[in-house]
Amino acid sequence: MEFEIIKKVFENENPSSIFEVGCTAGMLFKSYYDESNEELIVGGLDFFPVEAAKGIYPKCAENFFQWDATKTPYPIADNSFDIVFTIGTLLLIPDPYPVIKEMLRICKDKIIIAEQQDWQCDDYGISTHLITGDTPEQQKEGMLQPVDFNYTRIKRDYEKVFKKLGLKIDIKETYIDKTIIKCKKI
């Protein structure tokens, strides 16, 4: 399903560079990268190790960072990528404002967010690294500690965040279970 969403996210887009906040192993790029051109520059950051992404895209390895998205500024220059996007990551972050602000800083042209606007999950799904305090060794080995499962309803209004940042939404549409919001940099 995420591969279908990434195709929808980049529908009618023709960037020369894209960056994903919450890229994990960078697999979502593959569905777009393979179908576009091999000259596309990709990059991303994730709290978990990004070595797999560096292996998949060796010519772009320097553009992948193991980094907590809530820690700003990112180790990336201003206006580095045409499009900066995130899919299903912002709901894992307690305050999305600084993350969206940082996405805006590193993009040249546009930010794209694809998120569920109203999502129920357990604390383990909300943010394992913030809740469990896993050590870097545990994170590298993928050994996450279980936590008490308390269900939380999260509802985010990203339009308010965009307004606060002085942005205007170009496109907002629902596809499968995600609301896709495209916002051009002013």
# chains A, B, ... in the order shown; residues from 1 in each chain; ligands from 1
call {"tool": "closest_atom_pairs", "arguments": {"of": "region 51-79 of chain A", "to": "region 10-33 of chain A", "cutoff": "10 Å", "atoms": "only C-alpha atoms", "output": "CSV"}}
result
residue,atom,partner,partner_atom,distance
A:Glu51,CA,A:Ala25,CA,7.3
A:Ala52,CA,A:Ala25,CA,5.2
A:Ala53,CA,A:Ala25,CA,4.6
A:Lys54,CA,A:Ala25,CA,8.2
A:Gly55,CA,A:Ala25,CA,9.2
A:Ile56,CA,A:Gly26,CA,7.8
A:Tyr57,CA,A:Gly26,CA,8.6
A:Asn63,CA,A:Phe19,CA,8.3
A:Phe64,CA,A:Cys23,CA,8.7
A:Phe65,CA,A:Cys23,CA,9.4
A:Gln66,CA,A:Thr24,CA,9.1
A:Trp67,CA,A:Gly22,CA,9.2
A:Asp68,CA,A:Gly22,CA,8.9
A:Ala69,CA,A:Val21,CA,6.9
call {"tool": "atom_distance", "arguments": {"atom1": "CA of Asp157 (chain A)", "atom2": "CA of Lys172 (chain A)"}}
result
12.4 Å
call {"tool": "select_by_dssp", "arguments": {"residues": "region 30-86 of chain A", "states": "strand (DSSP E or B)", "output": "count of residues only"}}
result
15
call {"tool": "closest_atom_pairs", "arguments": {"of": "region 82-107 of chain A", "to": "region 42-49 of chain A", "cutoff": "10 Å", "atoms": "only C-alpha atoms", "output": "tab-separated table"}}
result
residue	atom	partner	partner_atom	distance
A:Ile83	CA	A:Val42	CA	9.9
A:Val84	CA	A:Gly44	CA	8.9
A:Phe85	CA	A:Gly44	CA	9.3
A:Thr86	CA	A:Gly44	CA	9.6
A:Thr89	CA	A:Asp46	CA	9.6
call {"tool": "closest_residue", "arguments": {"among": "A:Leu167, A:Ile112, A:Ile176, A:Val50", "to": "Asp82 (chain A)", "atoms": "only C-alpha atoms"}}
result
A:Ile112
call {"tool": "closest_residue", "arguments": {"among": "A:Lys8, A:Phe3, A:Val99, A:Ile111", "to": "Glu173 (chain A)", "atoms": "only C-alpha atoms"}}
result
A:Lys8
call {"tool": "atom_distance", "arguments": {"atom1": "CA of Lys59 (chain A)", "atom2": "CA of Glu39 (chain A)"}}
result
9.7 Å
call {"tool": "residues_around", "arguments": {"residues": "Arg105 (chain A)", "least_positions_apart": "4", "cutoff": "12 Å", "atoms": "only C-alpha atoms", "output": "PDB file with all heavy atoms, in the first residue's frame"}}
result
ATOM      1  N   THR A  72      16.514  19.379  15.723  1.00  0.00           N
ATOM      2  CA  THR A  72      16.789  20.338  14.651  1.00  0.00           C
ATOM      3  C   THR A  72      17.905  21.268  15.093  1.00  0.00           C
ATOM      4  O   THR A  72      18.083  21.483  16.292  1.00  0.00           O
ATOM      5  CB  THR A  72      15.522  21.152  14.319  1.00  0.00           C
ATOM      6  OG1 THR A  72      15.087  21.842  15.481  1.00  0.00           O
ATOM      7  CG2 THR A  72      14.406  20.253  13.824  1.00  0.00           C
ATOM      8  N   PRO A  73      18.666  21.801  14.149  1.00  0.00           N
ATOM      9  CA  PRO A  73      18.551  21.632  12.693  1.00  0.00           C
ATOM     10  C   PRO A  73      19.140  20.301  12.236  1.00  0.00           C
ATOM     11  O   PRO A  73      19.975  19.700  12.899  1.00  0.00           O
ATOM     12  CB  PRO A  73      19.380  22.798  12.150  1.00  0.00           C
ATOM     13  CG  PRO A  73      20.423  23.050  13.194  1.00  0.00           C
ATOM     14  CD  PRO A  73      19.767  22.713  14.508  1.00  0.00           C
ATOM     15  N   TYR A  74      18.664  19.862  11.070  1.00  0.00           N
ATOM     16  CA  TYR A  74      19.216  18.655  10.451  1.00  0.00           C
ATOM     17  C   TYR A  74      20.584  18.982   9.861  1.00  0.00           C
ATOM     18  O   TYR A  74      20.851  20.131   9.515  1.00  0.00           O
ATOM     19  CB  TYR A  74      18.296  18.150   9.335  1.00  0.00           C
ATOM     20  CG  TYR A  74      16.893  17.779   9.775  1.00  0.00           C
ATOM     21  CD1 TYR A  74      15.858  17.768   8.861  1.00  0.00           C
ATOM     22  CD2 TYR A  74      16.598  17.449  11.097  1.00  0.00           C
ATOM     23  CE1 TYR A  74      14.565  17.421   9.240  1.00  0.00           C
ATOM     24  CE2 TYR A  74      15.310  17.113  11.490  1.00  0.00           C
ATOM     25  CZ  TYR A  74      14.298  17.095  10.560  1.00  0.00           C
ATOM     26  OH  TYR A  74      13.024  16.764  10.927  1.00  0.00           O
ATOM     27  N   PRO A  75      21.428  17.969   9.683  1.00  0.00           N
ATOM     28  CA  PRO A  75      22.774  18.209   9.128  1.00  0.00           C
ATOM     29  C   PRO A  75      22.756  18.348   7.604  1.00  0.00           C
ATOM     30  O   PRO A  75      23.497  17.690   6.881  1.00  0.00           O
ATOM     31  CB  PRO A  75      23.543  16.961   9.572  1.00  0.00           C
ATOM     32  CG  PRO A  75      22.495  15.889   9.619  1.00  0.00           C
ATOM     33  CD  PRO A  75      21.241  16.575  10.087  1.00  0.00           C
ATOM     34  N   ILE A  76      21.883  19.206   7.129  1.00  0.00           N
ATOM     35  CA  ILE A  76      21.658  19.374   5.692  1.00  0.00           C
ATOM     36  C   ILE A  76      21.560  20.876   5.411  1.00  0.00           C
ATOM     37  O   ILE A  76      20.912  21.611   6.159  1.00  0.00           O
ATOM     38  CB  ILE A  76      20.348  18.675   5.265  1.00  0.00           C
ATOM     39  CG1 ILE A  76      20.399  17.184   5.651  1.00  0.00           C
ATOM     40  CG2 ILE A  76      20.066  18.849   3.786  1.00  0.00           C
ATOM     41  CD1 ILE A  76      19.065  16.564   5.833  1.00  0.00           C
ATOM     42  N   ALA A  77      22.173  21.317   4.343  1.00  0.00           N
ATOM     43  CA  ALA A  77      22.155  22.731   3.980  1.00  0.00           C
ATOM     44  C   ALA A  77      20.757  23.186   3.551  1.00  0.00           C
ATOM     45  O   ALA A  77      19.932  22.379   3.103  1.00  0.00           O
ATOM     46  CB  ALA A  77      23.154  22.993   2.852  1.00  0.00           C
ATOM     47  N   ASP A  78      20.501  24.465   3.659  1.00  0.00           N
ATOM     48  CA  ASP A  78      19.246  25.057   3.192  1.00  0.00           C
ATOM     49  C   ASP A  78      19.061  24.767   1.704  1.00  0.00           C
ATOM     50  O   ASP A  78      20.031  24.720   0.944  1.00  0.00           O
ATOM     51  CB  ASP A  78      19.268  26.583   3.369  1.00  0.00           C
ATOM     52  CG  ASP A  78      19.324  27.023   4.825  1.00  0.00           C
ATOM     53  OD1 ASP A  78      19.309  26.164   5.723  1.00  0.00           O
ATOM     54  OD2 ASP A  78      19.391  28.242   5.052  1.00  0.00           O
ATOM     55  N   ASN A  79      17.810  24.603   1.296  1.00  0.00           N
ATOM     56  CA  ASN A  79      17.450  24.463  -0.121  1.00  0.00           C
ATOM     57  C   ASN A  79      18.230  23.359  -0.830  1.00  0.00           C
ATOM     58  O   ASN A  79      18.647  23.526  -1.970  1.00  0.00           O
ATOM     59  CB  ASN A  79      17.661  25.794  -0.846  1.00  0.00           C
ATOM     60  CG  ASN A  79      16.885  26.914  -0.197  1.00  0.00           C
ATOM     61  OD1 ASN A  79      15.694  26.808   0.049  1.00  0.00           O
ATOM     62  ND2 ASN A  79      17.576  27.994   0.122  1.00  0.00           N
ATOM     63  N   SER A  80      18.405  22.225  -0.178  1.00  0.00           N
ATOM     64  CA  SER A  80      19.219  21.141  -0.741  1.00  0.00           C
ATOM     65  C   SER A  80      18.470  20.200  -1.679  1.00  0.00           C
ATOM     66  O   SER A  80      19.077  19.609  -2.562  1.00  0.00           O
ATOM     67  CB  SER A  80      19.835  20.303   0.383  1.00  0.00           C
ATOM     68  OG  SER A  80      20.776  21.050   1.089  1.00  0.00           O
ATOM     69  N   PHE A  81      17.163  20.027  -1.485  1.00  0.00           N
ATOM     70  CA  PHE A  81      16.391  19.060  -2.273  1.00  0.00           C
ATOM     71  C   PHE A  81      15.149  19.720  -2.848  1.00  0.00           C
ATOM     72  O   PHE A  81      14.504  20.535  -2.178  1.00  0.00           O
ATOM     73  CB  PHE A  81      15.990  17.862  -1.400  1.00  0.00           C
ATOM     74  CG  PHE A  81      17.160  17.018  -0.978  1.00  0.00           C
ATOM     75  CD1 PHE A  81      17.880  17.323   0.165  1.00  0.00           C
ATOM     76  CD2 PHE A  81      17.553  15.935  -1.745  1.00  0.00           C
ATOM     77  CE1 PHE A  81      18.973  16.560   0.551  1.00  0.00           C
ATOM     78  CE2 PHE A  81      18.646  15.171  -1.374  1.00  0.00           C
ATOM     79  CZ  PHE A  81      19.358  15.479  -0.222  1.00  0.00           C
ATOM     80  N   ASP A  82      14.799  19.330  -4.089  1.00  0.00           N
ATOM     81  CA  ASP A  82      13.609  19.899  -4.729  1.00  0.00           C
ATOM     82  C   ASP A  82      12.367  19.658  -3.882  1.00  0.00           C
ATOM     83  O   ASP A  82      11.586  20.573  -3.637  1.00  0.00           O
ATOM     84  CB  ASP A  82      13.386  19.280  -6.118  1.00  0.00           C
ATOM     85  CG  ASP A  82      14.469  19.665  -7.104  1.00  0.00           C
ATOM     86  OD1 ASP A  82      15.147  20.691  -6.883  1.00  0.00           O
ATOM     87  OD2 ASP A  82      14.654  18.927  -8.091  1.00  0.00           O
ATOM     88  N   ILE A  83      12.172  18.397  -3.488  1.00  0.00           N
ATOM     89  CA  ILE A  83      11.003  18.028  -2.698  1.00  0.00           C
ATOM     90  C   ILE A  83      11.466  17.312  -1.438  1.00  0.00           C
ATOM     91  O   ILE A  83      12.298  16.411  -1.498  1.00  0.00           O
ATOM     92  CB  ILE A  83      10.041  17.114  -3.497  1.00  0.00           C
ATOM     93  CG1 ILE A  83       9.426  17.895  -4.673  1.00  0.00           C
ATOM     94  CG2 ILE A  83       8.946  16.563  -2.596  1.00  0.00           C
ATOM     95  CD1 ILE A  83       8.536  17.073  -5.570  1.00  0.00           C
ATOM     96  N   VAL A  84      10.917  17.725  -0.313  1.00  0.00           N
ATOM     97  CA  VAL A  84      11.136  17.036   0.958  1.00  0.00           C
ATOM     98  C   VAL A  84       9.772  16.502   1.374  1.00  0.00           C
ATOM     99  O   VAL A  84       8.785  17.243   1.395  1.00  0.00           O
ATOM    100  CB  VAL A  84      11.715  17.979   2.028  1.00  0.00           C
ATOM    101  CG1 VAL A  84      11.876  17.252   3.350  1.00  0.00           C
ATOM    102  CG2 VAL A  84      13.053  18.556   1.562  1.00  0.00           C
ATOM    103  N   PRO A  98       8.209  21.828  14.525  1.00  0.00           N
ATOM    104  CA  PRO A  98       9.628  22.016  14.199  1.00  0.00           C
ATOM    105  C   PRO A  98      10.097  21.118  13.053  1.00  0.00           C
ATOM    106  O   PRO A  98      10.990  21.496  12.291  1.00  0.00           O
ATOM    107  CB  PRO A  98      10.374  21.670  15.492  1.00  0.00           C
ATOM    108  CG  PRO A  98       9.366  21.417  16.532  1.00  0.00           C
ATOM    109  CD  PRO A  98       8.017  21.404  15.903  1.00  0.00           C
ATOM    110  N   VAL A  99       9.482  19.954  12.918  1.00  0.00           N
ATOM    111  CA  VAL A  99       9.869  19.030  11.843  1.00  0.00           C
ATOM    112  C   VAL A  99       9.442  19.615  10.494  1.00  0.00           C
ATOM    113  O   VAL A  99      10.220  19.635   9.537  1.00  0.00           O
ATOM    114  CB  VAL A  99       9.256  17.633  12.070  1.00  0.00           C
ATOM    115  CG1 VAL A  99       9.543  16.716  10.895  1.00  0.00           C
ATOM    116  CG2 VAL A  99       9.784  17.039  13.379  1.00  0.00           C
ATOM    117  N   ILE A 100       8.213  20.095  10.413  1.00  0.00           N
ATOM    118  CA  ILE A 100       7.727  20.684   9.162  1.00  0.00           C
ATOM    119  C   ILE A 100       8.532  21.947   8.837  1.00  0.00           C
ATOM    120  O   ILE A 100       8.894  22.187   7.686  1.00  0.00           O
ATOM    121  CB  ILE A 100       6.209  20.973   9.241  1.00  0.00           C
ATOM    122  CG1 ILE A 100       5.446  19.653   9.366  1.00  0.00           C
ATOM    123  CG2 ILE A 100       5.738  21.752   8.016  1.00  0.00           C
ATOM    124  CD1 ILE A 100       3.973  19.801   9.675  1.00  0.00           C
ATOM    125  N   LYS A 101       8.845  22.739   9.844  1.00  0.00           N
ATOM    126  CA  LYS A 101       9.663  23.939   9.640  1.00  0.00           C
ATOM    127  C   LYS A 101      11.032  23.562   9.080  1.00  0.00           C
ATOM    128  O   LYS A 101      11.554  24.219   8.167  1.00  0.00           O
ATOM    129  CB  LYS A 101       9.810  24.695  10.960  1.00  0.00           C
ATOM    130  CG  LYS A 101      10.533  25.994  10.842  1.00  0.00           C
ATOM    131  CD  LYS A 101      10.562  26.722  12.180  1.00  0.00           C
ATOM    132  CE  LYS A 101      11.321  28.022  12.057  1.00  0.00           C
ATOM    133  NZ  LYS A 101      11.394  28.723  13.340  1.00  0.00           N
ATOM    134  N   ASP A 109      11.744  23.598  -3.348  1.00  0.00           N
ATOM    135  CA  ASP A 109      10.495  23.885  -4.039  1.00  0.00           C
ATOM    136  C   ASP A 109       9.236  23.537  -3.250  1.00  0.00           C
ATOM    137  O   ASP A 109       8.320  24.340  -3.165  1.00  0.00           O
ATOM    138  CB  ASP A 109      10.493  23.137  -5.373  1.00  0.00           C
ATOM    139  CG  ASP A 109       9.289  23.459  -6.219  1.00  0.00           C
ATOM    140  OD1 ASP A 109       8.952  24.648  -6.356  1.00  0.00           O
ATOM    141  OD2 ASP A 109       8.658  22.516  -6.733  1.00  0.00           O
ATOM    142  N   LYS A 110       9.179  22.327  -2.682  1.00  0.00           N
ATOM    143  CA  LYS A 110       7.898  21.853  -2.168  1.00  0.00           C
ATOM    144  C   LYS A 110       8.099  20.860  -1.030  1.00  0.00           C
ATOM    145  O   LYS A 110       9.053  20.100  -1.026  1.00  0.00           O
ATOM    146  CB  LYS A 110       7.166  21.165  -3.325  1.00  0.00           C
ATOM    147  CG  LYS A 110       5.755  20.757  -3.074  1.00  0.00           C
ATOM    148  CD  LYS A 110       5.141  20.128  -4.317  1.00  0.00           C
ATOM    149  CE  LYS A 110       4.908  21.186  -5.364  1.00  0.00           C
ATOM    150  NZ  LYS A 110       4.208  20.701  -6.545  1.00  0.00           N
ATOM    151  N   ILE A 111       7.164  20.890  -0.072  1.00  0.00           N
ATOM    152  CA  ILE A 111       7.104  19.816   0.913  1.00  0.00           C
ATOM    153  C   ILE A 111       5.803  19.055   0.688  1.00  0.00           C
ATOM    154  O   ILE A 111       4.792  19.637   0.283  1.00  0.00           O
ATOM    155  CB  ILE A 111       7.214  20.308   2.374  1.00  0.00           C
ATOM    156  CG1 ILE A 111       6.090  21.242   2.759  1.00  0.00           C
ATOM    157  CG2 ILE A 111       8.562  20.952   2.630  1.00  0.00           C
ATOM    158  CD1 ILE A 111       6.074  21.606   4.248  1.00  0.00           C
ATOM    159  N   LEU A 165       3.331  28.691   9.560  1.00  0.00           N
ATOM    160  CA  LEU A 165       4.588  28.861   8.833  1.00  0.00           C
ATOM    161  C   LEU A 165       4.449  29.772   7.621  1.00  0.00           C
ATOM    162  O   LEU A 165       5.411  29.994   6.886  1.00  0.00           O
ATOM    163  CB  LEU A 165       5.123  27.489   8.381  1.00  0.00           C
ATOM    164  CG  LEU A 165       5.672  26.601   9.492  1.00  0.00           C
ATOM    165  CD1 LEU A 165       5.895  25.186   8.992  1.00  0.00           C
ATOM    166  CD2 LEU A 165       6.959  27.182  10.059  1.00  0.00           C
ATOM    167  N   LYS A 185       6.926  26.010  -1.705  1.00  0.00           N
ATOM    168  CA  LYS A 185       7.697  26.984  -0.944  1.00  0.00           C
ATOM    169  C   LYS A 185       7.515  28.365  -1.555  1.00  0.00           C
ATOM    170  O   LYS A 185       7.535  28.519  -2.765  1.00  0.00           O
ATOM    171  CB  LYS A 185       9.173  26.581  -0.944  1.00  0.00           C
ATOM    172  CG  LYS A 185      10.011  27.373   0.006  1.00  0.00           C
ATOM    173  CD  LYS A 185      11.393  26.771   0.107  1.00  0.00           C
ATOM    174  CE  LYS A 185      12.231  27.438   1.158  1.00  0.00           C
ATOM    175  NZ  LYS A 185      13.527  26.789   1.317  1.00  0.00           N
ATOM    176  N   ILE A 186       7.333  29.349  -0.721  1.00  0.00           N
ATOM    177  CA  ILE A 186       7.108  30.720  -1.204  1.00  0.00           C
ATOM    178  C   ILE A 186       8.435  31.438  -1.302  1.00  0.00           C
ATOM    179  O   ILE A 186       9.301  31.303  -0.508  1.00  0.00           O
ATOM    180  CB  ILE A 186       6.157  31.469  -0.246  1.00  0.00           C
ATOM    181  CG1 ILE A 186       4.818  30.762  -0.222  1.00  0.00           C
ATOM    182  CG2 ILE A 186       6.004  32.908  -0.674  1.00  0.00           C
ATOM    183  CD1 ILE A 186       3.872  31.266   0.826  1.00  0.00           C
TER     184      ILE A 186
END
call {"tool": "residues_around", "arguments": {"residues": "Lys168 (chain A)", "least_positions_apart": "5", "cutoff": "8 Å", "atoms": "only C-alpha atoms", "output": "ChimeraX atom specification"}}
result
/A:162-163,183-184
